[in-house]
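Next up, coords21.tsv (TSV, C-alpha atoms and all ligand atoms):
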```tsv
chain	number	residue	atom	x	y	z
C	6	MET	CA	41.34	82.29	174.28
C	7	ALA	CA	41.17	84.42	177.40
C	8	LEU	CA	41.34	82.27	180.53
C	9	ASP	CA	40.11	84.33	183.43
C	10	MET	CA	41.39	84.09	186.95
C	11	GLU	CA	38.20	82.47	188.32
C	12	LYS	CA	38.35	79.74	185.69
C	13	MET	CA	42.01	79.16	186.49
C	14	LYS	CA	41.20	78.91	190.23
C	15	LYS	CA	38.46	76.36	189.54
C	16	ILE	CA	40.76	74.23	187.38
C	17	ARG	CA	43.35	74.23	190.13
C	18	GLU	CA	40.82	73.38	192.84
C	19	SER	CA	39.60	70.37	190.86
C	20	LEU	CA	43.12	68.88	190.58
C	21	LYS	CA	45.43	67.07	192.94
C	22	PRO	CA	49.22	66.80	192.63
C	23	ILE	CA	50.26	63.59	190.83
C	24	PRO	CA	53.70	62.13	190.10
C	25	LEU	CA	55.24	64.05	187.21
C	26	PRO	CA	54.45	62.49	183.82
C	27	GLU	CA	57.61	61.23	182.13
C	28	HIS	CA	58.75	60.49	178.61
C	29	ASP	CA	62.18	59.34	177.47
C	30	GLY	CA	63.64	60.01	180.91
C	31	VAL	CA	62.33	63.59	181.12
C	32	CYS	CA	59.60	64.68	183.56
C	33	TYR	CA	56.95	67.26	182.69
C	34	PRO	CA	54.56	69.38	184.74
C	35	SER	CA	51.22	67.60	185.03
C	36	PHE	CA	49.36	70.16	182.90
C	37	LEU	CA	45.96	69.04	181.64
C	38	PRO	CA	47.13	67.52	178.32
C	39	PHE	CA	49.72	65.43	180.18
C	40	ARG	CA	47.04	64.21	182.58
C	41	GLU	CA	44.55	63.51	179.80
C	42	LYS	CA	46.81	61.94	177.17
C	43	GLY	CA	50.10	61.13	178.87
C	44	ALA	CA	53.49	62.66	178.10
C	45	GLU	CA	54.31	60.78	174.91
C	46	GLN	CA	51.05	61.71	173.15
C	47	THR	CA	51.18	65.31	174.39
C	48	LEU	CA	54.65	65.73	172.91
C	49	LYS	CA	53.57	64.04	169.66
C	50	ASP	CA	50.63	66.43	169.41
C	51	ILE	CA	52.94	69.41	169.86
C	52	THR	CA	55.22	68.08	167.13
C	53	ASN	CA	52.21	67.72	164.81
C	54	PHE	CA	50.78	71.16	165.65
C	55	GLN	CA	49.42	72.89	162.55
C	56	SER	CA	51.80	75.82	162.34
C	57	ARG	CA	51.28	78.85	160.17
C	58	ASP	CA	54.40	80.09	158.44
C	59	THR	CA	53.99	83.41	160.27
C	60	ASP	CA	54.00	81.82	163.76
C	61	ILE	CA	56.62	83.06	166.19
C	62	MET	CA	57.74	80.67	168.91
C	63	ILE	CA	59.27	81.67	172.22
C	64	CYS	CA	61.53	78.83	173.35
C	65	THR	CA	63.05	78.84	176.81
C	66	TYR	CA	64.01	76.52	179.57
C	67	ALA	CA	61.54	77.19	182.38
C	68	LYS	CA	62.22	80.28	184.53
C	69	SER	CA	64.57	81.94	182.06
C	70	GLY	CA	62.38	85.06	181.69
C	71	THR	CA	59.75	83.67	179.31
C	72	HIS	CA	56.97	86.05	180.37
C	73	TRP	CA	59.29	88.97	179.92
C	74	ILE	CA	60.56	88.14	176.42
C	75	ASN	CA	57.04	87.07	175.41
C	76	GLU	CA	55.68	90.49	176.38
C	77	ILE	CA	58.48	92.37	174.64
C	78	THR	CA	57.89	90.35	171.47
C	79	SER	CA	54.14	90.86	171.66
C	80	MET	CA	54.62	94.63	171.96
C	81	LEU	CA	57.00	94.70	169.01
C	82	ILE	CA	54.58	92.76	166.83
C	83	ARG	CA	51.66	94.96	167.87
C	84	LYS	CA	53.86	98.09	167.68
C	85	THR	CA	52.63	99.37	171.01
C	86	ALA	CA	53.90	99.63	174.57
C	87	GLU	CA	50.51	98.57	175.97
C	88	LEU	CA	50.58	95.31	177.94
C	89	ASP	CA	48.86	92.53	176.01
C	90	ASN	CA	45.61	91.24	177.51
C	91	ILE	CA	46.62	87.71	176.48
C	92	ASN	CA	48.63	85.91	179.13
C	93	LYS	CA	51.65	83.87	178.08
C	94	ALA	CA	50.16	80.83	179.86
C	95	THR	CA	47.29	80.65	177.37
C	96	THR	CA	49.59	80.30	174.36
C	97	MET	CA	51.92	77.74	175.90
C	98	LEU	CA	51.67	74.64	173.71
C	99	GLU	CA	52.04	72.04	176.45
C	100	THR	CA	49.13	73.50	178.46
C	101	ILE	CA	46.62	73.50	175.58
C	102	SER	CA	44.29	70.48	175.46
C	103	ASP	CA	42.61	71.44	172.21
C	104	PHE	CA	44.74	73.33	169.70
C	105	SER	CA	41.68	74.60	167.85
C	106	VAL	CA	41.66	77.47	170.38
C	107	THR	CA	44.74	78.82	168.62
C	108	ASP	CA	42.87	78.98	165.29
C	109	ILE	CA	41.20	82.24	166.26
C	110	LEU	CA	44.47	84.00	167.02
C	111	PRO	CA	45.39	86.58	164.40
C	112	SER	CA	48.68	86.18	162.52
C	113	PRO	CA	51.41	86.40	163.47
C	114	ARG	CA	50.56	84.07	166.35
C	115	LEU	CA	52.92	84.28	169.31
C	116	LEU	CA	53.29	80.84	170.89
C	117	ASN	CA	55.64	79.46	173.50
C	118	THR	CA	56.95	76.23	174.96
C	119	HIS	CA	59.57	74.91	177.37
C	120	CYS	CA	59.72	71.56	175.59
C	121	GLN	CA	63.03	70.60	174.01
C	122	PHE	CA	63.76	71.63	170.42
C	123	GLN	CA	63.21	68.07	169.16
C	124	TYR	CA	59.51	68.38	170.09
C	125	LEU	CA	58.82	71.71	168.36
C	126	PRO	CA	56.10	71.63	165.69
C	127	LYS	CA	57.67	70.02	162.60
C	128	LYS	CA	55.92	72.53	160.37
C	129	HIS	CA	57.40	75.44	162.28
C	130	ILE	CA	60.87	74.15	161.46
C	131	GLU	CA	59.95	73.25	157.86
C	132	HIS	CA	58.71	76.81	157.36
C	133	ARG	CA	61.88	78.12	159.04
C	134	SER	CA	59.53	80.28	161.11
C	135	LYS	CA	61.00	82.55	163.73
C	136	ILE	CA	62.12	81.25	167.12
C	137	ILE	CA	63.09	83.50	170.01
C	138	HIS	CA	65.20	81.91	172.68
C	139	MET	CA	66.10	83.48	176.01
C	140	ILE	CA	68.85	81.98	178.13
C	141	ARG	CA	69.58	82.81	181.77
C	142	ASN	CA	72.38	82.02	184.18
C	143	PRO	CA	71.41	78.46	185.15
C	144	LYS	CA	72.10	79.13	188.82
C	145	ASP	CA	69.44	81.86	188.87
C	146	THR	CA	67.18	79.70	186.71
C	147	CYS	CA	67.52	76.88	189.22
C	148	ALA	CA	66.79	79.15	192.22
C	149	SER	CA	63.77	80.65	190.45
C	150	PHE	CA	62.49	77.18	189.50
C	151	TYR	CA	62.71	76.10	193.14
C	152	HIS	CA	60.33	78.88	194.21
C	153	HIS	CA	57.99	78.25	191.30
C	154	SER	CA	57.91	74.50	192.02
C	155	ARG	CA	57.05	75.05	195.66
C	156	LYS	CA	54.19	77.39	194.84
C	157	ASP	CA	52.82	75.56	191.80
C	158	ASN	CA	52.75	72.15	193.43
C	159	ILE	CA	49.46	71.09	191.79
C	160	PHE	CA	51.38	70.81	188.52
C	161	LEU	CA	54.91	70.33	189.78
C	162	SER	CA	54.28	68.06	192.78
C	163	PHE	CA	57.17	69.49	194.72
C	164	PHE	CA	56.89	69.96	198.48
C	165	GLY	CA	60.54	69.75	199.46
C	166	THR	CA	63.38	71.96	200.59
C	167	TRP	CA	65.91	73.94	198.58
C	168	ASN	CA	68.48	71.16	199.10
C	169	GLU	CA	66.05	68.63	197.71
C	170	PHE	CA	65.24	70.77	194.69
C	171	PHE	CA	68.93	71.36	194.05
C	172	ASP	CA	69.49	67.59	193.91
C	173	LEU	CA	66.55	67.19	191.51
C	174	TRP	CA	68.01	69.84	189.22
C	175	MET	CA	71.50	68.36	189.36
C	176	SER	CA	70.17	64.93	188.43
C	177	ALA	CA	67.88	66.42	185.74
C	178	LYS	CA	64.85	65.03	187.52
C	179	CYS	CA	63.05	68.36	187.83
C	180	ALA	CA	60.32	69.16	185.30
C	181	TYR	CA	61.63	69.60	181.73
C	182	GLY	CA	64.80	67.69	182.60
C	183	SER	CA	68.36	68.83	182.02
C	184	TRP	CA	69.03	72.50	181.41
C	185	TYR	CA	72.17	71.46	179.52
C	186	THR	CA	70.32	69.14	177.15
C	187	TYR	CA	67.78	71.88	176.46
C	188	GLU	CA	70.35	74.58	175.74
C	189	LYS	CA	72.68	72.34	173.75
C	190	GLU	CA	69.81	71.25	171.49
C	191	ILE	CA	68.91	74.85	170.70
C	192	GLU	CA	72.54	75.74	170.15
C	193	GLN	CA	72.84	72.89	167.64
C	194	ALA	CA	69.61	74.03	165.94
C	195	GLU	CA	71.09	77.53	165.53
C	196	LYS	CA	73.87	75.92	163.52
C	197	ASP	CA	71.53	73.61	161.59
C	198	TYR	CA	69.04	76.35	160.67
C	199	PRO	CA	71.00	79.61	160.29
C	200	GLY	CA	68.92	82.74	160.84
C	201	MET	CA	65.89	80.96	162.29
C	202	ILE	CA	66.67	81.45	165.98
C	203	PHE	CA	67.29	84.66	167.87
C	204	THR	CA	69.05	84.10	171.19
C	205	CYS	CA	69.22	86.75	173.87
C	206	SER	CA	70.10	86.52	177.52
C	207	TYR	CA	68.15	87.56	180.59
C	208	GLU	CA	71.25	89.28	181.91
C	209	LYS	CA	71.90	91.35	178.78
C	210	MET	CA	68.24	92.31	178.56
C	211	LYS	CA	68.40	93.42	182.18
C	212	LYS	CA	71.57	95.46	181.63
C	213	ASP	CA	70.66	97.19	178.39
C	214	PRO	CA	67.04	96.54	177.39
C	215	LYS	CA	66.93	99.18	174.65
C	216	THR	CA	69.85	97.64	172.74
C	217	GLU	CA	68.50	94.10	173.11
C	218	ILE	CA	64.95	95.10	172.15
C	219	ARG	CA	66.29	96.85	169.04
C	220	LYS	CA	68.15	93.65	168.07
C	221	LEU	CA	64.93	91.69	168.53
C	222	ALA	CA	62.96	94.19	166.45
C	223	ASP	CA	65.51	93.75	163.65
C	224	PHE	CA	65.19	89.97	163.86
C	225	LEU	CA	61.39	90.28	163.70
C	226	GLU	CA	61.75	92.72	160.79
C	227	VAL	CA	59.61	95.20	162.67
C	228	GLN	CA	60.26	98.85	161.89
C	229	CYS	CA	60.00	100.97	165.01
C	230	THR	CA	61.16	104.26	166.37
C	231	ASP	CA	63.64	104.71	169.21
C	232	LYS	CA	60.74	106.16	171.21
C	233	LEU	CA	58.73	102.95	170.85
C	234	ILE	CA	61.75	100.87	171.88
C	235	GLU	CA	62.22	103.05	174.93
C	236	ASP	CA	58.52	102.83	175.83
C	237	ILE	CA	58.57	99.04	175.47
C	238	ALA	CA	61.64	98.82	177.72
C	239	LYS	CA	59.77	100.84	180.37
C	240	ALA	CA	56.48	98.99	180.02
C	241	THR	CA	58.19	95.60	180.33
C	242	SER	CA	60.22	96.54	183.39
C	243	PHE	CA	59.88	94.03	186.19
C	244	GLU	CA	58.04	96.57	188.32
C	245	ASN	CA	55.45	97.45	185.69
C	246	MET	CA	54.78	93.84	184.69
C	247	ARG	CA	54.53	92.74	188.33
C	248	GLU	CA	52.04	95.49	189.03
C	249	ASN	CA	49.94	95.51	185.90
C	250	LYS	CA	50.20	92.29	183.88
C	251	ILE	CA	47.43	89.66	184.13
C	252	ASP	CA	49.02	87.00	186.30
C	253	PHE	CA	47.45	83.56	186.70
C	254	SER	CA	50.05	82.55	189.26
C	255	LYS	CA	48.10	84.70	191.73
C	256	ALA	CA	45.33	82.09	191.47
C	257	VAL	CA	47.31	79.95	193.96
C	258	ASP	CA	47.20	82.25	196.98
C	259	GLY	CA	47.02	85.79	195.66
C	260	ILE	CA	50.82	86.13	195.57
C	261	THR	CA	52.70	86.03	192.29
C	262	HIS	CA	55.41	83.45	191.72
C	263	ILE	CA	55.99	84.60	188.16
C	264	TYR	CA	57.11	88.12	189.06
C	265	ARG	CA	59.10	87.16	192.15
C	266	LYS	CA	62.36	89.16	192.37
C	267	GLY	CA	63.46	89.73	188.78
C	268	ILE	CA	67.14	90.20	189.59
C	269	VAL	CA	70.50	88.85	188.49
C	270	GLY	CA	72.37	86.84	191.12
C	271	ASP	CA	69.64	85.70	193.52
C	272	TRP	CA	71.27	82.25	193.41
C	273	LYS	CA	73.78	83.56	195.94
C	274	ASN	CA	70.97	83.60	198.50
C	275	HIS	CA	70.33	79.90	197.94
C	276	PHE	CA	73.51	77.99	197.06
C	277	THR	CA	75.83	76.71	199.78
C	278	VAL	CA	79.56	76.79	199.02
C	279	ALA	CA	79.48	73.03	198.45
C	280	GLN	CA	76.49	73.26	196.11
C	281	ASN	CA	78.20	76.01	194.17
C	282	GLU	CA	81.31	73.85	193.72
C	283	GLN	CA	79.18	70.89	192.65
C	284	PHE	CA	77.31	73.08	190.17
C	285	ASP	CA	80.51	74.59	188.74
C	286	ALA	CA	82.01	71.14	188.24
C	287	GLN	CA	78.94	69.91	186.35
C	288	TYR	CA	78.82	73.13	184.31
C	289	ALA	CA	82.48	72.78	183.35
C	290	ASP	CA	81.82	69.22	182.31
C	291	GLU	CA	78.63	69.86	180.34
C	292	PHE	CA	78.99	73.36	178.96
C	293	GLN	CA	82.69	73.83	178.38
C	294	ASP	CA	82.35	74.18	174.61
C	295	SER	CA	79.11	76.14	174.46
C	296	SER	CA	79.05	79.46	172.65
C	297	TYR	CA	76.31	80.50	175.06
C	298	LYS	CA	78.81	80.72	177.92
C	299	SER	CA	79.44	84.38	177.09
C	300	MET	CA	75.76	85.29	177.50
C	301	PHE	CA	76.02	85.53	181.30
C	302	ASP	CA	78.65	85.31	183.97
C	303	LEU	CA	78.16	82.13	185.94
C	304	LYS	CA	80.22	83.17	188.94
C	305	LEU	CA	80.14	86.89	189.26
C	306	CYS	CA	76.57	87.63	188.19
C	307	THR	CA	77.77	90.47	186.01
C	308	ILE	CA	77.91	90.79	182.27
C	309	LYS	CA	81.24	90.01	180.66
C	401	LIG	P1	62.82	85.17	189.67
C	401	LIG	O1	62.07	84.00	190.20
C	401	LIG	O2	64.31	85.01	189.81
C	401	LIG	O3	62.35	86.46	190.22
C	401	LIG	P2	59.54	82.70	183.44
C	401	LIG	O4	58.74	83.78	182.86
C	401	LIG	O5	60.35	81.94	182.44
C	401	LIG	O6	58.71	81.81	184.31
C	401	LIG	O7	60.65	83.36	184.36
C	401	LIG	C1	60.28	83.97	185.57
C	401	LIG	C2	61.49	84.73	186.08
C	401	LIG	O8	61.64	85.92	185.26
C	401	LIG	C3	61.28	85.19	187.51
C	401	LIG	O9	62.58	85.23	188.09
C	401	LIG	C4	60.71	86.58	187.29
C	401	LIG	O10	60.80	87.43	188.38
C	401	LIG	C5	61.52	87.06	186.11
C	401	LIG	N1	60.83	88.14	185.36
C	401	LIG	C6	59.54	88.16	184.95
C	401	LIG	N2	59.27	89.31	184.33
C	401	LIG	C7	60.39	90.05	184.37
C	401	LIG	C8	60.73	91.37	183.91
C	401	LIG	N3	59.83	92.14	183.32
C	401	LIG	N4	61.99	91.80	184.13
C	401	LIG	C9	62.90	91.01	184.73
C	401	LIG	N5	62.64	89.76	185.21
C	401	LIG	C10	61.40	89.29	185.02
```

Before anything else, please render the file you have as structure tokens.
Amino acid sequence: MALDMEKMKKIRESLKPIPLPEHDGVCYPSFLPFREKGAEQTLKDITNFQSRDTDIMICTYAKSGTHWINEITSMLIRKTAELDNINKATTMLETISDFSVTDILPSPRLLNTHCQFQYLPKKHIEHRSKIIHMIRNPKDTCASFYHHSRKDNIFLSFFGTWNEFFDLWMSAKCAYGSWYTYEKEIEQAEKDYPGMIFTCSYEKMKKDPKTEIRKLADFLEVQCTDKLIEDIAKATSFENMRENKIDFSKAVDGITHIYRKGIVGDWKNHFTVAQNEQFDAQYADEFQDSSYKSMFDLKLCTIK
């Protein structure tokens, strides 16, 4: 299962950017399965993935803090504050060409995907297996995605400016499509399958990691001491993960684009006043009724 950095570099060197694969109006990063089988088949394969009832799925829109919540969850399951030697990228369903590599993972397997809820493995839902969902202020998510897209252009085929990325996001033409569609689908699933999904926010985790990690431990039904919770909070700090976690994003040019800034409110360094107004208008239109609105503060970058 371990994909080492040299192997990752070689894969990247053998590939060229291609137009983003698309299915049902949504674009996807051109990860190997999408290149080999196309978007429709890749998504079908994910839906038909042979889940175990103990699987735990991390579900996030891209750049919402997936690596962070994945590591916290991994530590809770393993009951240790040691960083896992498995990288989140290797258990991301849409990057795996042959799912048999997941057969060797011990239970509970920790898997992740940015694909919309409708494409999650059917069996995972049938089993009512656990789903952990992290949401982040979409303005910060958008700014973070811009940087990631520029650096990871082999898979994301983006070479443009911030203004160009902003327009892609606003028209849902960036990879993984509309943030609103993604979040609204999960929100509906929380209602349809009570108790199956744990939602936390990047901002709350940042403000009070110990409280949020304890809530997650309870959801996972993992007994742990306050000391372990505190150690996990420390070990999964941005600084420690940036310094010590295996990071395939360094295969591009030696500089990480996964552990970039790790702050709340970086969108203010990107958005123009006009872009902010445009974003707020779309948000009001699309997200007015969402219960997730209280998970972050769109305008002030502080917790309500
Ligand atoms: P920025 O680009 O704003 O810095 P994902 O894992 O979904 O790709 O999300 C990456 C974003 O989460 C990046 O945001 C990254 O810096 C941030 N991040 C990663 N690990 C983190 C941690 N331990 N604490 C806080 N933020 C973290």

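Every residue having at least one atom no farther than 6 Å from ligand LIG 401 (chain C) is included below, with all atoms listed in the file taken into account: Ala67, Lys68, Ser69, Gly70, Thr71, His72, Trp73, Ser149, Thr241, Ser242, Phe243, Met246, Ile263, Tyr264, Arg265, Lys266, Gly267 and Ile268 of chain C.
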
So which residues touch Ser154 of chain C within 9 Å, counting only C-alpha atoms, skipping near sequence neighbours fewer than 4 positions away, as JSON, numbers by chain? {"C": [149, 150, 158, 160, 161, 162, 163, 164, 170, 180]}

For Leu173 of chain C, which residue among C:Thr85, C:Ala148, C:Lys215, C:Asp285 is the nearest when counting only C-alpha atoms?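 Closest candidate: C:Ala148.
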
Pick from C:Ile159, C:Thr186, C:Arg57, C:Lys239: nearest to Val31 of chain C, with all atoms listed in the file counted? C:Thr186

Two-atom distance - atom CA of Asn117 of chain C, atom CA of Ile63 of chain C (Å):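 Computing the Euclidean distance for atom CA of Asn117 of chain C and atom CA of Ile63 of chain C yields 4.4 Å.
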
Between atom CA of Phe122 of chain C and atom CA of Lys189 of chain C, what is the distance in Å, rounded to a tenth?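 According to the coordinates, atom CA of Phe122 of chain C and atom CA of Lys189 of chain C are separated by 9.5 Å.
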
Neighbouring residues of Met80 of chain C were defined as those with any atom within 12 Å, considering only C-alpha atoms; residues of the same chain fewer than 3 positions away were excluded. Please report them as a ChimeraX atom specification. /C:73-77,83-91,115,218,221-222,225,227,229,233-241

Can you tell me how far atom CA of Tyr288 of chain C sits from atom CA of Tyr181 of chain C, in Å to one decimal? 17.7 Å

Between C:Leu98, C:Cys120, C:Ile136, C:Leu110, which residue has the minimum interatomic distance to Ile61 of chain C, considering all atoms listed in the file?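 Closest to Ile61 of chain C of all the choices is C:Ile136.
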
When you look at Pro26 of chain C with a cut-off of 12 Å (counting all atoms listed in the file), what residues show up, excluding the ones that are within fewer than 4 positions of it in the same chain? I need them as a PyMOL selection string. chain C and resi 22+30-48+160-162+178-182

With the input short on atoms, add N, CA, C and O atoms back to segment 169-189 of chain C and write it as a PDB file, in the frame of the given file.
```pdb
ATOM      1  N   GLU C 169      66.670  69.701 198.492  1.00  0.00           N
ATOM      2  CA  GLU C 169      66.050  68.630 197.710  1.00  0.00           C
ATOM      3  C   GLU C 169      65.843  69.060 196.257  1.00  0.00           C
ATOM      4  O   GLU C 169      66.066  68.282 195.330  1.00  0.00           O
ATOM      5  N   PHE C 170      65.430  70.308 196.069  1.00  0.00           N
ATOM      6  CA  PHE C 170      65.240  70.770 194.690  1.00  0.00           C
ATOM      7  C   PHE C 170      66.585  70.822 193.956  1.00  0.00           C
ATOM      8  O   PHE C 170      66.680  70.441 192.787  1.00  0.00           O
ATOM      9  N   PHE C 171      67.596  71.287 194.659  1.00  0.00           N
ATOM     10  CA  PHE C 171      68.930  71.360 194.050  1.00  0.00           C
ATOM     11  C   PHE C 171      69.350  69.977 193.525  1.00  0.00           C
ATOM     12  O   PHE C 171      69.840  69.845 192.394  1.00  0.00           O
ATOM     13  N   ASP C 172      69.117  68.955 194.336  1.00  0.00           N
ATOM     14  CA  ASP C 172      69.490  67.590 193.910  1.00  0.00           C
ATOM     15  C   ASP C 172      68.674  67.150 192.696  1.00  0.00           C
ATOM     16  O   ASP C 172      69.197  66.494 191.794  1.00  0.00           O
ATOM     17  N   LEU C 173      67.385  67.535 192.669  1.00  0.00           N
ATOM     18  CA  LEU C 173      66.550  67.190 191.510  1.00  0.00           C
ATOM     19  C   LEU C 173      67.102  67.834 190.248  1.00  0.00           C
ATOM     20  O   LEU C 173      67.197  67.212 189.194  1.00  0.00           O
ATOM     21  N   TRP C 174      67.457  69.109 190.370  1.00  0.00           N
ATOM     22  CA  TRP C 174      68.010  69.840 189.220  1.00  0.00           C
ATOM     23  C   TRP C 174      69.306  69.180 188.748  1.00  0.00           C
ATOM     24  O   TRP C 174      69.492  68.911 187.554  1.00  0.00           O
ATOM     25  N   MET C 175      70.187  68.905 189.718  1.00  0.00           N
ATOM     26  CA  MET C 175      71.500  68.360 189.360  1.00  0.00           C
ATOM     27  C   MET C 175      71.375  66.993 188.681  1.00  0.00           C
ATOM     28  O   MET C 175      72.197  66.634 187.837  1.00  0.00           O
ATOM     29  N   SER C 176      70.338  66.254 189.052  1.00  0.00           N
ATOM     30  CA  SER C 176      70.170  64.930 188.430  1.00  0.00           C
ATOM     31  C   SER C 176      69.172  64.986 187.277  1.00  0.00           C
ATOM     32  O   SER C 176      68.748  63.947 186.772  1.00  0.00           O
ATOM     33  N   ALA C 177      68.800  66.210 186.873  1.00  0.00           N
ATOM     34  CA  ALA C 177      67.880  66.420 185.740  1.00  0.00           C
ATOM     35  C   ALA C 177      66.530  65.755 185.957  1.00  0.00           C
ATOM     36  O   ALA C 177      65.859  65.372 185.012  1.00  0.00           O
ATOM     37  N   LYS C 178      66.135  65.665 187.226  1.00  0.00           N
ATOM     38  CA  LYS C 178      64.850  65.030 187.520  1.00  0.00           C
ATOM     39  C   LYS C 178      63.765  66.068 187.809  1.00  0.00           C
ATOM     40  O   LYS C 178      62.632  65.716 188.167  1.00  0.00           O
ATOM     41  N   CYS C 179      64.095  67.335 187.695  1.00  0.00           N
ATOM     42  CA  CYS C 179      63.050  68.360 187.830  1.00  0.00           C
ATOM     43  C   CYS C 179      62.260  68.388 186.511  1.00  0.00           C
ATOM     44  O   CYS C 179      62.680  67.787 185.513  1.00  0.00           O
ATOM     45  N   ALA C 180      61.120  69.074 186.522  1.00  0.00           N
ATOM     46  CA  ALA C 180      60.320  69.160 185.300  1.00  0.00           C
ATOM     47  C   ALA C 180      61.148  69.752 184.162  1.00  0.00           C
ATOM     48  O   ALA C 180      61.963  70.646 184.386  1.00  0.00           O
ATOM     49  N   TYR C 181      60.949  69.232 182.975  1.00  0.00           N
ATOM     50  CA  TYR C 181      61.630  69.600 181.730  1.00  0.00           C
ATOM     51  C   TYR C 181      63.068  69.084 181.651  1.00  0.00           C
ATOM     52  O   TYR C 181      63.769  69.338 180.686  1.00  0.00           O
ATOM     53  N   GLY C 182      63.519  68.388 182.697  1.00  0.00           N
ATOM     54  CA  GLY C 182      64.800  67.690 182.600  1.00  0.00           C
ATOM     55  C   GLY C 182      66.014  68.614 182.609  1.00  0.00           C
ATOM     56  O   GLY C 182      65.993  69.705 183.180  1.00  0.00           O
ATOM     57  N   SER C 183      67.053  68.171 181.929  1.00  0.00           N
ATOM     58  CA  SER C 183      68.360  68.830 182.020  1.00  0.00           C
ATOM     59  C   SER C 183      68.395  70.172 181.287  1.00  0.00           C
ATOM     60  O   SER C 183      68.075  70.249 180.092  1.00  0.00           O
ATOM     61  N   TRP C 184      68.819  71.176 182.017  1.00  0.00           N
ATOM     62  CA  TRP C 184      69.030  72.500 181.410  1.00  0.00           C
ATOM     63  C   TRP C 184      70.067  72.395 180.279  1.00  0.00           C
ATOM     64  O   TRP C 184      69.939  73.008 179.222  1.00  0.00           O
ATOM     65  N   TYR C 185      71.093  71.580 180.505  1.00  0.00           N
ATOM     66  CA  TYR C 185      72.170  71.460 179.520  1.00  0.00           C
ATOM     67  C   TYR C 185      71.660  70.845 178.213  1.00  0.00           C
ATOM     68  O   TYR C 185      71.984  71.310 177.123  1.00  0.00           O
ATOM     69  N   THR C 186      70.860  69.789 178.354  1.00  0.00           N
ATOM     70  CA  THR C 186      70.320  69.140 177.150  1.00  0.00           C
ATOM     71  C   THR C 186      69.496  70.155 176.372  1.00  0.00           C
ATOM     72  O   THR C 186      69.611  70.274 175.146  1.00  0.00           O
ATOM     73  N   TYR C 187      68.645  70.895 177.109  1.00  0.00           N
ATOM     74  CA  TYR C 187      67.780  71.880 176.460  1.00  0.00           C
ATOM     75  C   TYR C 187      68.617  72.898 175.680  1.00  0.00           C
ATOM     76  O   TYR C 187      68.391  73.145 174.490  1.00  0.00           O
ATOM     77  N   GLU C 188      69.586  73.490 176.369  1.00  0.00           N
ATOM     78  CA  GLU C 188      70.350  74.580 175.740  1.00  0.00           C
ATOM     79  C   GLU C 188      71.244  74.049 174.608  1.00  0.00           C
ATOM     80  O   GLU C 188      71.393  74.705 173.579  1.00  0.00           O
ATOM     81  N   LYS C 189      71.789  72.869 174.793  1.00  0.00           N
ATOM     82  CA  LYS C 189      72.680  72.340 173.750  1.00  0.00           C
ATOM     83  C   LYS C 189      71.883  71.991 172.483  1.00  0.00           C
ATOM     84  O   LYS C 189      72.374  72.152 171.374  1.00  0.00           O
TER      85      LYS C 189
END
```
